[in-house]
Structure formats: structure tokens, C-alpha cells
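This is run16.cif (mmCIF, C-alpha atoms and all ligand atoms).
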```cif
data_work
#
loop_
_atom_site.label_atom_id
_atom_site.label_comp_id
_atom_site.auth_asym_id
_atom_site.auth_seq_id
_atom_site.Cartn_x
_atom_site.Cartn_y
_atom_site.Cartn_z
CA MET O 1 -2.09 19.70 -7.74
CA LYS O 2 -2.26 20.32 -4.02
CA THR O 3 0.19 18.76 -1.51
CA LEU O 4 -1.62 16.68 1.09
CA ILE O 5 1.33 15.01 2.89
CA THR O 6 4.84 16.41 2.67
CA GLU O 7 8.04 14.43 2.15
CA THR O 8 9.05 15.05 5.79
CA ASP O 9 5.69 13.91 7.10
CA ILE O 10 5.85 10.75 4.98
CA ARG O 11 9.31 9.99 6.37
CA ASP O 12 7.98 10.31 9.93
CA GLY O 13 4.95 8.17 9.05
CA VAL O 14 7.13 5.40 7.61
CA ALA O 15 9.35 5.54 10.71
CA ARG O 16 6.24 5.09 12.89
CA LEU O 17 5.18 2.05 10.85
CA ALA O 18 8.66 0.54 11.22
CA ASP O 19 8.66 1.18 14.98
CA ASP O 20 5.25 -0.48 15.34
CA LEU O 21 6.47 -3.53 13.42
CA ALA O 22 9.65 -3.71 15.51
CA VAL O 23 7.55 -3.72 18.68
CA HIS O 24 5.29 -6.42 17.28
CA TYR O 25 7.88 -8.81 15.79
CA GLY O 26 11.08 -8.08 17.70
CA ASP O 27 13.83 -10.19 16.10
CA GLN O 28 11.50 -12.73 14.50
CA PRO O 29 12.04 -13.20 10.76
CA VAL O 30 9.28 -11.82 8.52
CA THR O 31 8.24 -12.11 4.89
CA ILE O 32 7.14 -8.78 3.47
CA ILE O 33 4.69 -9.04 0.58
CA GLY O 34 4.40 -5.85 -1.45
CA VAL O 35 1.38 -5.22 -3.65
CA LEU O 36 2.53 -3.99 -7.05
CA THR O 37 2.71 -1.42 -8.32
CA GLY O 38 1.75 1.27 -5.84
CA SER O 39 3.60 -0.11 -2.81
CA VAL O 40 7.12 -0.08 -4.30
CA VAL O 41 8.19 3.26 -2.85
CA LEU O 42 6.81 2.51 0.63
CA LEU O 43 8.31 -0.98 0.46
CA ALA O 44 11.78 0.36 -0.35
CA ASP O 45 11.68 2.95 2.43
CA LEU O 46 10.05 0.69 5.03
CA ILE O 47 12.42 -2.30 4.68
CA ARG O 48 15.46 -0.05 5.20
CA ARG O 49 14.05 0.89 8.62
CA LEU O 50 13.45 -2.71 9.70
CA GLU O 51 16.17 -4.63 11.51
CA MET O 52 14.66 -8.11 11.85
CA PRO O 53 15.69 -10.71 9.22
CA LEU O 54 13.34 -10.35 6.27
CA ARG O 55 12.48 -11.68 2.86
CA ILE O 56 10.52 -9.85 0.18
CA GLY O 57 7.81 -11.16 -2.10
CA LEU O 58 5.62 -9.36 -4.61
CA VAL O 59 2.12 -9.80 -5.95
CA TYR O 60 0.38 -7.79 -8.60
CA ALA O 61 -3.07 -6.39 -7.92
CA SER O 62 -4.93 -3.87 -9.99
CA SER O 63 -8.36 -2.35 -9.69
CA TYR O 64 -7.92 0.90 -11.59
CA ARG O 65 -8.09 1.06 -15.36
CA GLY O 66 -6.32 3.75 -17.35
CA GLU O 67 -7.88 7.13 -16.92
CA MET O 68 -10.65 6.03 -14.59
CA THR O 69 -10.29 7.11 -10.99
CA THR O 70 -13.09 4.75 -9.97
CA ARG O 71 -12.58 1.04 -9.26
CA GLY O 72 -12.64 -1.53 -12.01
CA PRO O 73 -12.66 -5.29 -11.43
CA LEU O 74 -9.86 -6.54 -9.16
CA THR O 75 -7.13 -8.64 -10.80
CA ILE O 76 -4.55 -10.46 -8.64
CA ASP O 77 -1.48 -12.19 -10.08
CA SER O 78 0.37 -14.20 -7.43
CA ASP O 79 2.89 -15.95 -9.73
CA MET O 80 5.74 -14.19 -7.94
CA LEU O 81 4.52 -15.09 -4.45
CA PRO O 82 7.26 -16.91 -2.47
CA ASP O 83 6.53 -19.85 -0.15
CA ILE O 84 4.96 -18.30 2.94
CA ALA O 85 3.92 -21.49 4.79
CA GLY O 86 4.84 -21.15 8.48
CA ARG O 87 6.11 -17.58 8.01
CA ASN O 88 5.18 -14.28 9.62
CA VAL O 89 3.78 -12.35 6.68
CA ILE O 90 3.49 -8.56 6.47
CA LEU O 91 1.31 -7.40 3.60
CA VAL O 92 2.26 -3.91 2.40
CA ASP O 93 0.06 -1.73 0.19
CA ASP O 94 -0.07 1.96 -0.64
CA ILE O 95 -3.65 2.78 0.32
CA PHE O 96 -6.72 1.26 1.91
CA ASP O 97 -9.70 2.65 -0.01
CA THR O 98 -12.76 0.40 -0.27
CA GLY O 99 -10.64 -2.36 1.30
CA HIS O 100 -11.41 -4.97 -1.36
CA THR O 101 -7.77 -5.30 -2.43
CA LEU O 102 -6.54 -5.89 1.12
CA ALA O 103 -9.42 -8.26 1.91
CA GLU O 104 -8.81 -10.35 -1.21
CA MET O 105 -5.04 -10.36 -0.68
CA LEU O 106 -5.42 -11.49 2.95
CA LYS O 107 -7.75 -14.27 1.82
CA LEU O 108 -5.28 -15.41 -0.84
CA LEU O 109 -2.27 -15.29 1.49
CA GLY O 110 -4.25 -17.08 4.20
CA GLU O 111 -4.70 -20.05 1.84
CA HIS O 112 -0.91 -20.60 1.90
CA GLN O 113 -0.75 -21.47 5.65
CA PRO O 114 1.36 -18.57 6.95
CA LYS O 115 2.16 -18.52 10.70
CA SER O 116 0.67 -15.03 10.97
CA ILE O 117 -0.38 -12.14 8.75
CA ARG O 118 -0.48 -8.39 9.43
CA SER O 119 -1.29 -5.63 6.99
CA VAL O 120 0.43 -2.27 6.60
CA VAL O 121 -0.66 0.67 4.46
CA LEU O 122 0.65 4.19 4.14
CA LEU O 123 -2.79 5.76 3.67
CA ARG O 124 -6.27 4.99 4.79
CA LYS O 125 -9.05 6.85 2.96
CA LEU O 126 -11.93 7.73 5.25
CA GLY O 127 -15.57 7.07 4.42
CA ARG O 128 -14.96 4.59 1.59
CA GLN O 129 -14.66 1.25 3.33
CA GLU O 130 -16.82 -1.60 1.95
CA VAL O 131 -15.29 -4.57 3.80
CA ASN O 132 -15.20 -5.77 7.41
CA ILE O 133 -11.44 -5.77 7.90
CA GLN O 134 -9.10 -2.93 8.86
CA PRO O 135 -5.42 -2.52 8.06
CA ASP O 136 -3.39 -3.41 11.17
CA HIS O 137 -1.10 -0.43 10.64
CA ALA O 138 -1.84 2.79 8.71
CA ALA O 139 0.45 5.82 8.79
CA PHE O 140 -2.09 8.47 7.72
CA GLU O 141 -5.83 8.89 7.40
CA ILE O 142 -6.86 11.01 4.43
CA PRO O 143 -10.14 12.47 3.15
CA ASP O 144 -12.04 10.92 0.24
CA GLU O 145 -9.99 12.41 -2.60
CA PHE O 146 -7.95 10.85 -5.38
CA VAL O 147 -4.27 11.09 -4.41
CA VAL O 148 -1.03 10.52 -6.29
CA GLY O 149 2.67 10.39 -5.49
CA TYR O 150 5.00 8.19 -3.40
CA GLY O 151 4.06 5.19 -5.54
CA LEU O 152 0.46 6.12 -6.28
CA ASP O 153 -0.34 6.90 -9.90
CA TYR O 154 -2.89 8.49 -12.11
CA ASN O 155 -2.81 6.78 -15.48
CA ASP O 156 0.76 5.61 -14.70
CA ALA O 157 1.99 9.15 -14.01
CA TYR O 158 3.14 10.78 -10.74
CA ARG O 159 4.43 7.65 -8.95
CA ASN O 160 7.81 9.34 -8.52
CA LEU O 161 6.55 12.37 -6.58
CA ARG O 162 8.22 12.54 -3.16
CA PHE O 163 5.02 13.78 -1.54
CA ILE O 164 1.34 12.86 -1.66
CA ALA O 165 -0.85 15.22 -3.64
CA VAL O 166 -4.52 15.59 -4.48
CA LEU O 167 -5.14 15.86 -8.19
CA GLU O 168 -7.09 18.87 -9.38
CA PRO O 169 -9.27 18.90 -12.51
CA GLY O 170 -6.54 20.25 -14.83
CA ASP O 171 -4.12 17.50 -13.73
CA LEU O 172 -6.51 14.78 -14.85
CA ALA O 173 -6.32 16.00 -18.43
CA GLU O 174 -2.51 15.72 -18.61
CA ASP O 175 -0.86 13.12 -20.84
CA SER O 176 0.42 9.89 -19.29
CA PRO O 177 4.14 9.03 -19.60
P1 LIG O 201 -9.32 -0.71 -2.59
O1 LIG O 201 -9.33 -2.12 -3.09
O2 LIG O 201 -9.02 -0.59 -1.13
O3 LIG O 201 -10.56 0.04 -2.98
O4 LIG O 201 -8.21 0.04 -3.41
C1 LIG O 201 -6.89 -0.19 -3.16
C2 LIG O 201 -6.09 0.10 -4.39
O5 LIG O 201 -6.72 1.07 -5.24
C3 LIG O 201 -4.77 0.71 -3.97
O6 LIG O 201 -3.79 -0.31 -3.87
C4 LIG O 201 -4.48 1.67 -5.08
O7 LIG O 201 -3.77 0.99 -6.09
C5 LIG O 201 -5.82 2.07 -5.62
N1 LIG O 201 -6.29 3.36 -5.07
C6 LIG O 201 -7.27 3.57 -4.17
N2 LIG O 201 -7.42 4.88 -3.89
C7 LIG O 201 -6.51 5.53 -4.66
C8 LIG O 201 -6.15 6.91 -4.82
O8 LIG O 201 -6.70 7.86 -4.22
N3 LIG O 201 -5.16 7.18 -5.70
C9 LIG O 201 -4.51 6.19 -6.40
N4 LIG O 201 -3.55 6.58 -7.24
N5 LIG O 201 -4.81 4.88 -6.26
C10 LIG O 201 -5.79 4.56 -5.40
MG MG O 202 -2.71 -0.91 -5.56
#
```

Before we go any further, please render this structure as C-alpha cells.
Amino acid sequence: MKTLITETDIRDGVARLADDLAVHYGDQPVTIIGVLTGSVVLLADLIRRLEMPLRIGLVYASSYRGEMTTRGPLTIDSDMLPDIAGRNVILVDDIFDTGHTLAEMLKLLGEHQPKSIRSVVLLRKLGRQEVNIQPDHAAFEIPDEFVVGYGLDYNDAYRNLRFIAVLEPGDLAEDSP
């Protein structure tokens, strides 16, 4: 595989996201909603750079199936969603690709009467967008390639890489954990 974003660059990118959020919210309390499973690494790093009071909630969304690197139908499970009525909500996901996941999540969260909602992603893939919304904060723009690492998987593998990499044909044939 080929490194696309190094560990150091990711750290700087996450720091930029945290700075932007600090400017936007100041000391106001926020509820951070992480989209499982890909956002867990970003979520853990991002919250430790935020100084406002915060709560964490999680929702599960999945649009990739097994060994396919193309989208399958989107499934959202919001059973673990905390009460967000009247709260400043920050939705955190790993990557904005077609945008359907973020659009659906924002719609779902919006139905729970939050005070405000902003969206944060680590990566934004260029040339793939199919929806009318943009992430409010994105640390990096990347070309249209399938990436893994820092939470992002291929067939459940590679989430623990400290950097973001582009998979090459041989990698796709490897066994999943
Ligand atoms: P979207 O709904 O924007 O098309 O896709 C968002 C979701 O698809 C992300 O949360 C992520 O789980 C998955 N995804 C999109 N592009 C990639 C990619 O290049 N690599 C991996 N591992 N997952 C991706
Ligand atoms: Mg995802």
C-alpha cells in the first residue's frame, strides 16, 4: 500500500479541526456524535484536543459490505443516540465520499430538535459527491481512491494503521482479521 497522509500530517489536521471547533463554540457545551465504526480513532484524538465541556454519543452507519469497495445500501442504527434536544451537536465521521451517510445522519439528528448541528470529517474525497450538503469542517481533501487506516477499514482490516494509505491491487486480496 502507498501512504497518502502521514501520522504527523494527521496530527496537524486533527489539531486544525479542534482549533476551528474552539473558535466556533468557545466554552459552550457540545455533544459529539461519532459514526461507528470508522470515526473511532478520529473521535478519540479529537476530543482530547477540545476543552469545552462535552458529551459523547455514538451511532452505527454502514454502507460498505465485506470485500466490496463500492457502496451498498446505507444502514443506520441510532439505538445508542443520547438525548440531543436543545444541544449543540457535532457529527464526526471518517470520510465524506458520496455524502449520503452525512446527509442521512444530519436528517436523523435534525429530527431530535438539537440547538445546532455541525459536521466534521477527517477526509473529503473529491469528485464523488452526490448530495447537496458539504461537511462544515474537513481536515484533508483526497483524490478518488479507496483509502484505509486511522479508523478506515477494508474488510475490517487496517483500521489500526497510524497513517492513511491507498490500497493497491495486491492488498485487496489479503485475508481479513
Ligand atoms: P458516503 O456515504 O459519503 O458515500 O460514504 C461514507 C462512508 O463510506 C464512510 O463513513 C466510510 O465508512 C465509507 N467510505 C467511503 N470512502 C471510503 C474509503 O475510501 N475507504 C474506506 N475504508 N471507507 C470509505
Ligand atoms: Mg463510515

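When only C-alpha atoms are used to measure the gap to Pro169 (chain O), the shortest distance among O:Tyr60, O:Arg11, O:Glu145, O:His24 belongs to O:Glu145.
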
Atomic separation - CA of Leu108 (chain O) relative to CA of Pro29 (chain O), Å:
21.0 Å

As a ChimeraX atom specification, please: every protein or nucleic acid residue near ligand MG 202 (chain O) (cut-off 9 Å, counting all atoms listed in the file).
/O:35-39,60-64,93-96,101,152

List as a PyMOL selection string the protein and nucleic acid residues lying within 10 Å of ligand LIG 201 (chain O), with all atoms listed in the file counted.
chain O and resi 35-39+60-64+69-74+92-105+121+123-125+128-131+142-159+164-167

Would you compute an axis-aligned box for region 72-85 of chain O, covering every atom listed for it in the file with 4 Å of margin on each side, and report centre and edge lengths in Å to one decimal as JSON?
```
{"center_x": -2.7, "center_y": -11.5, "center_z": -3.6, "size_x": 27.9, "size_y": 28.0, "size_z": 24.8}
```
